[in-house]
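Trainee: Let me give you the structure first, and then I'll get to my questions.
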Number of protein chains: 2
Amino acid sequence: MSAPGALVLVVEDEPQMRRFIRASLTSHGYRIVEAASAAEAVALMTTQPPDLVLLDLGLPDGDGIDVAKRLREWSRVPIIVLSARGREDDKVAALDAGADDYLTKPFGVNELLARMRVAERHAEAAASPTAAQALKIGDLELDFVRREVTRGGEVVHLTPIEYKLLALFARHAGRVLTHRQILKEVWGPMCASHPHYVRVHMAELRKKIEATPSRPRILVTEPGVGYRLRDGS
Amino acid sequence: MSAPGALVLVVEDEPQMRRFIRASLTSHGYRIVEAASAAEAVALMTTQPPDLVLLDLGLPDGDGIDVAKRLREWSRVPIIVLSARGREDDKVAALDAGADDYLTKPFGVNELLARMRVAERHAEAAASPTAAQALKIGDLELDFVRREVTRGGEVVHLTPIEYKLLALFARHAGRVLTHRQILKEVWGPMCASHPHYVRVHMAELRKKIEATPSRPRILVTEPGVGYRLRDGS
DNA sequence: GCCGCGCATCAAGAAGACGTCAAGATGTGC
DNA sequence: GCACATCTTGACGTCTTCTTGATGCGCGGC
């Protein structure tokens, strides 16, 4: 129909539901990859990068929201959450975690297909080839899939916020990110006016990844604006 | 950039519902424009292009779906449909007509806000590749995405005001900008009567980007009027 | 020639942004 | 409940940037 052959990753632990979705999608020309757990989902994301993800929230080995967050660390693939939970808080949490849409079970197949078409439209418009799964700057190496940072071969331990910060800068390597943008991405859309958070955690991050933290060469300050990760060029 | 709140066009004929939405959005920093009919909505789209549209389907002078279709003929502004109709066919029709999301009344404010944030994310992602603008004047290069200025390959560090100045002139390359215009754009409408600001900072800017600052070839003075950025011609 | 005007330049101080440290709060796993 | 890691919050010193005033130059009118 709209995008013949688009590859869809279906993350769903219930076999019955998986079968239902598989039947509905394949009959409309989609190709399917299936995952029954969070770990399997992340693994398949790297080995068979899909064009779209259908994500169930109730997984045996973790929350689906965490899966969405992890995917968003390096990928912009459209994510549609399918969940039995209809509470507003669940929807807000999922959408703010990076999901593009949220359908409450039970849902109609036609609505699902329509919302998938919307997601495909968006992906087309964005045309983001930013699917880099690793990055290297000097002796610093970032592995987004394993969520690991090494410096000169040594693993650098980062706290959750530090990793989020660094991943954010890596995704926008070379570009200046304003305080507002950083706060919005790392701390959530709500707390946009605490620039001090950024300063403190940037200092911590620099201590760990810069050779001379007091004279940063990777994470440089743009006074009055924000920060920038300086890439090779 | 959302320094001032995003502008939202609310298309809704029921005054009570309008009031509810207005209160919810303004308290979260959004600015809003209201339309009570399809005709008014289309008119406002052109006179005050919004960053997002909230569209009710039941309008006195026509279907909301037609409004969505008409907007999509020339605009990619995110459209979120708010409707009392919960039938699947309605949803599919609206989404396929170009709507980006569909909420069935009654809905929670927090879900609406979350879905609006999703729409804003999409708009941002779609806009950034398009705005990959750069400008070249002699050996001077301006990269607005990276917020970086280079001269002969070397990065030139600019303070926020200097960058704002240069970006302003670049946007109006070749045209003369008066002191008033410059002050209004860079310092804000309040301090329109301090021409000295401009002189001092123009001098600083010239020191950094001109080969011979005392004899400027890029940022030239138009005595008695203002300044002008001389482009290639 | 002298004066007034607009512009360029310089420098000092004020204002604000940033980096750093450390203590208290919070949360998490055992 | 305790120990540990992490995050928040406040205080303070340092550095960048902006403002502001003083001064000099060039030009045109008188």
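All residue names refer to the structure tokens as shown: chains lettered A, B, ... in order, residues numbered from 1 in each chain, ligands numbered from 1 in order.
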With a distance cut-off of 9 Å and only C-alpha atoms (C1' of nucleotides), select the neighbouring residues of stretch 8-11 of chain C, excluding the residue or stretch itself and same-chain residues fewer than 2 positions from it, and output the selection as JSON, numbers by chain.

Mentor: {"B": [199, 200, 203, 214], "D": [22, 23, 24, 25]}

Trainee: Grab the residues selected above and save them as a PDB file, in the first residue's frame with N, CA, C and O atoms (P, O5', C5', C4', C3', O3' and C1' of nucleotides).

Mentor:
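Below is the file that was written, result-v2.pdb:
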```pdb
ATOM      1  N   ARG B 199      27.931  50.464  17.459  1.00  0.00           N
ATOM      2  CA  ARG B 199      29.282  50.834  17.006  1.00  0.00           C
ATOM      3  C   ARG B 199      30.345  49.992  17.671  1.00  0.00           C
ATOM      4  O   ARG B 199      31.231  49.440  17.020  1.00  0.00           O
ATOM      5  N   VAL B 200      30.244  49.890  19.018  1.00  0.00           N
ATOM      6  CA  VAL B 200      31.265  49.142  19.758  1.00  0.00           C
ATOM      7  C   VAL B 200      31.330  47.698  19.274  1.00  0.00           C
ATOM      8  O   VAL B 200      32.404  47.171  18.992  1.00  0.00           O
ATOM      9  N   ALA B 203      32.638  47.148  15.785  1.00  0.00           N
ATOM     10  CA  ALA B 203      34.106  47.255  15.769  1.00  0.00           C
ATOM     11  C   ALA B 203      34.730  45.926  16.174  1.00  0.00           C
ATOM     12  O   ALA B 203      35.671  45.439  15.521  1.00  0.00           O
ATOM     13  N   SER B 214      40.187  48.430   9.891  1.00  0.00           N
ATOM     14  CA  SER B 214      40.025  49.878   9.748  1.00  0.00           C
ATOM     15  C   SER B 214      39.485  50.237   8.363  1.00  0.00           C
ATOM     16  O   SER B 214      38.995  51.344   8.151  1.00  0.00           O
TER      17      SER B 214
ATOM     18  P    DA D  22      33.207  60.828  30.718  1.00  0.00           P
ATOM     19  O5'  DA D  22      34.568  60.565  29.936  1.00  0.00           O
ATOM     20  C5'  DA D  22      35.565  59.745  30.536  1.00  0.00           C
ATOM     21  C4'  DA D  22      36.726  59.596  29.567  1.00  0.00           C
ATOM     22  C3'  DA D  22      37.118  60.895  28.839  1.00  0.00           C
ATOM     23  O3'  DA D  22      38.532  61.025  28.833  1.00  0.00           O
ATOM     24  C1'  DA D  22      36.607  59.205  27.270  1.00  0.00           C
ATOM     25  P    DT D  23      39.199  62.374  28.244  1.00  0.00           P
ATOM     26  O5'  DT D  23      39.631  61.912  26.784  1.00  0.00           O
ATOM     27  C5'  DT D  23      40.447  60.748  26.610  1.00  0.00           C
ATOM     28  C4'  DT D  23      40.594  60.459  25.129  1.00  0.00           C
ATOM     29  C3'  DT D  23      40.855  61.705  24.263  1.00  0.00           C
ATOM     30  O3'  DT D  23      42.088  61.538  23.578  1.00  0.00           O
ATOM     31  C1'  DT D  23      39.206  60.301  23.307  1.00  0.00           C
ATOM     32  P    DG D  24      42.656  62.715  22.660  1.00  0.00           P
ATOM     33  O5'  DG D  24      42.522  62.101  21.196  1.00  0.00           O
ATOM     34  C5'  DG D  24      42.950  60.765  20.948  1.00  0.00           C
ATOM     35  C4'  DG D  24      42.578  60.383  19.520  1.00  0.00           C
ATOM     36  C3'  DG D  24      42.839  61.482  18.481  1.00  0.00           C
ATOM     37  O3'  DG D  24      43.361  60.890  17.307  1.00  0.00           O
ATOM     38  C1'  DG D  24      40.565  60.879  18.437  1.00  0.00           C
ATOM     39  P    DC D  25      44.044  61.785  16.170  1.00  0.00           P
ATOM     40  O5'  DC D  25      43.148  61.471  14.904  1.00  0.00           O
ATOM     41  C5'  DC D  25      42.816  60.109  14.604  1.00  0.00           C
ATOM     42  C4'  DC D  25      41.634  60.098  13.661  1.00  0.00           C
ATOM     43  C3'  DC D  25      41.726  61.109  12.510  1.00  0.00           C
ATOM     44  O3'  DC D  25      41.626  60.425  11.287  1.00  0.00           O
ATOM     45  C1'  DC D  25      39.588  61.200  13.553  1.00  0.00           C
TER      46       DC D  25
END
```

Trainee: Show me, as a PyMOL selection string, every residue of chain B with an atom at most 9 Å from chain D, counting only C-alpha atoms (C1' of nucleotides).

Mentor: chain B and resi 159-160+197

Trainee: Output all heavy atoms for every residue in the selection just made, as a PDB file, in the first residue's frame.

Mentor:
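Heads up, here's the output in selection17.pdb:
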```
ATOM      1  N   THR B 159      31.252  36.193  20.356  1.00  0.00           N
ATOM      2  CA  THR B 159      30.391  36.267  21.533  1.00  0.00           C
ATOM      3  C   THR B 159      28.935  36.240  21.061  1.00  0.00           C
ATOM      4  O   THR B 159      28.664  36.440  19.874  1.00  0.00           O
ATOM      5  CB  THR B 159      30.651  37.555  22.323  1.00  0.00           C
ATOM      6  OG1 THR B 159      30.150  38.652  21.567  1.00  0.00           O
ATOM      7  CG2 THR B 159      32.128  37.742  22.601  1.00  0.00           C
ATOM      8  N   PRO B 160      27.995  36.002  21.970  1.00  0.00           N
ATOM      9  CA  PRO B 160      26.587  35.919  21.554  1.00  0.00           C
ATOM     10  C   PRO B 160      26.134  37.135  20.756  1.00  0.00           C
ATOM     11  O   PRO B 160      25.474  36.979  19.715  1.00  0.00           O
ATOM     12  CB  PRO B 160      25.842  35.822  22.887  1.00  0.00           C
ATOM     13  CG  PRO B 160      26.803  35.160  23.802  1.00  0.00           C
ATOM     14  CD  PRO B 160      28.160  35.651  23.392  1.00  0.00           C
ATOM     15  N   TYR B 197      25.945  51.097  21.286  1.00  0.00           N
ATOM     16  CA  TYR B 197      26.073  49.645  21.384  1.00  0.00           C
ATOM     17  C   TYR B 197      26.533  49.066  20.049  1.00  0.00           C
ATOM     18  O   TYR B 197      27.475  48.279  19.964  1.00  0.00           O
ATOM     19  CB  TYR B 197      24.733  49.003  21.727  1.00  0.00           C
ATOM     20  CG  TYR B 197      24.231  49.209  23.124  1.00  0.00           C
ATOM     21  CD1 TYR B 197      24.866  50.075  23.997  1.00  0.00           C
ATOM     22  CD2 TYR B 197      23.110  48.526  23.565  1.00  0.00           C
ATOM     23  CE1 TYR B 197      24.385  50.265  25.276  1.00  0.00           C
ATOM     24  CE2 TYR B 197      22.622  48.699  24.844  1.00  0.00           C
ATOM     25  CZ  TYR B 197      23.263  49.571  25.695  1.00  0.00           C
ATOM     26  OH  TYR B 197      22.773  49.735  26.953  1.00  0.00           O
TER      27      TYR B 197
END
```

Trainee: Which residues of chain B sit at most 7 Å from chain A, using only C-alpha atoms? Give each one's shortest atom pair and distance in Å (one decimal place), in chain and ascending residue order, as a tab-separated table.

Mentor:
```
residue	atom	partner	partner_atom	distance
B:Glu88	CA	A:Glu111	CA	6.1
B:Lys91	CA	A:Glu111	CA	6.6
B:Val92	CA	A:Ala114	CA	5.5
B:Leu95	CA	A:Ala114	CA	6.3
B:Asp96	CA	A:Ala114	CA	6.6
B:Asp100	CA	A:Val118	CA	6.2
B:Gly108	CA	A:Glu88	CA	6.9
B:Asn110	CA	A:Val92	CA	6.8
B:Glu111	CA	A:Val92	CA	5.7
B:Ala114	CA	A:Val92	CA	5.5
B:Arg115	CA	A:Leu95	CA	6.9
B:Val118	CA	A:Asp100	CA	6.3
B:His122	CA	A:His122	CA	6.9
B:Ala125	CA	A:Ala126	CA	5.6
B:Ala126	CA	A:Ala126	CA	4.3
B:Val145	CA	A:Arg175	CA	6.7
B:Arg146	CA	A:Arg175	CA	4.2
B:Arg147	CA	A:Val176	CA	6.4
B:Pro160	CA	A:Gly224	CA	6.3
```

Trainee: Apply DSSP to the structure's backbone, then extract all residues of stretch 92-176 of chain A labelled alpha helix (DSSP H) and return them as a PyMOL selection string.

Mentor: chain A and resi 92-97+109-126+160-171

Trainee: To one decimal in Å, tell me the separation between atom CA of B:Ile80 and atom CA of A:His179.

Mentor: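 Separation of atom CA of B:Ile80 and atom CA of A:His179: 28.6 Å.
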
Trainee: Enumerate as a list in words the residues belonging to chain C that approach chain A to within 9 Å, with only C-alpha atoms (C1' of nucleotides) taken into account.

Mentor: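 Interface list for chain C against chain A: DA17, DC18, DG19 and DT20 of chain C.
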
Trainee: Mind writing the picked residues with N, CA, C and O atoms (P, O5', C5', C4', C3', O3' and C1' of nucleotides) as an mmCIF file, in the first residue's frame?

Mentor:
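Output contents, as saved in selection.cif:
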```cif
data_model
loop_
_atom_site.group_PDB
_atom_site.id
_atom_site.type_symbol
_atom_site.label_atom_id
_atom_site.label_comp_id
_atom_site.auth_asym_id
_atom_site.auth_seq_id
_atom_site.Cartn_x
_atom_site.Cartn_y
_atom_site.Cartn_z
ATOM 1 P P DA C 17 23.448 35.560 32.945
ATOM 2 O "O5'" DA C 17 24.636 34.583 32.551
ATOM 3 C "C5'" DA C 17 25.465 34.911 31.437
ATOM 4 C "C4'" DA C 17 26.700 34.059 31.480
ATOM 5 C "C3'" DA C 17 26.421 32.578 31.726
ATOM 6 O "O3'" DA C 17 27.171 31.809 30.810
ATOM 7 C "C1'" DA C 17 27.973 33.388 33.312
ATOM 8 P P DC C 18 26.976 30.289 30.735
ATOM 9 O "O5'" DC C 18 28.206 29.703 31.543
ATOM 10 C "C5'" DC C 18 29.524 30.058 31.125
ATOM 11 C "C4'" DC C 18 30.525 29.627 32.156
ATOM 12 C "C3'" DC C 18 30.422 28.162 32.592
ATOM 13 O "O3'" DC C 18 31.565 27.473 32.126
ATOM 14 C "C1'" DC C 18 30.780 29.621 34.444
ATOM 15 P P DG C 19 31.763 25.953 32.490
ATOM 16 O "O5'" DG C 19 32.594 25.994 33.848
ATOM 17 C "C5'" DG C 19 33.883 26.578 33.819
ATOM 18 C "C4'" DG C 19 34.618 26.313 35.113
ATOM 19 C "C3'" DG C 19 34.687 24.842 35.542
ATOM 20 O "O3'" DG C 19 36.003 24.595 36.037
ATOM 21 C "C1'" DG C 19 33.586 26.125 37.230
ATOM 22 P P DT C 20 36.405 23.147 36.503
ATOM 23 O "O5'" DT C 20 36.179 23.140 38.081
ATOM 24 C "C5'" DT C 20 36.831 24.139 38.869
ATOM 25 C "C4'" DT C 20 36.336 24.092 40.295
ATOM 26 C "C3'" DT C 20 36.225 22.689 40.893
ATOM 27 O "O3'" DT C 20 37.248 22.548 41.864
ATOM 28 C "C1'" DT C 20 34.380 24.088 41.483
#
```
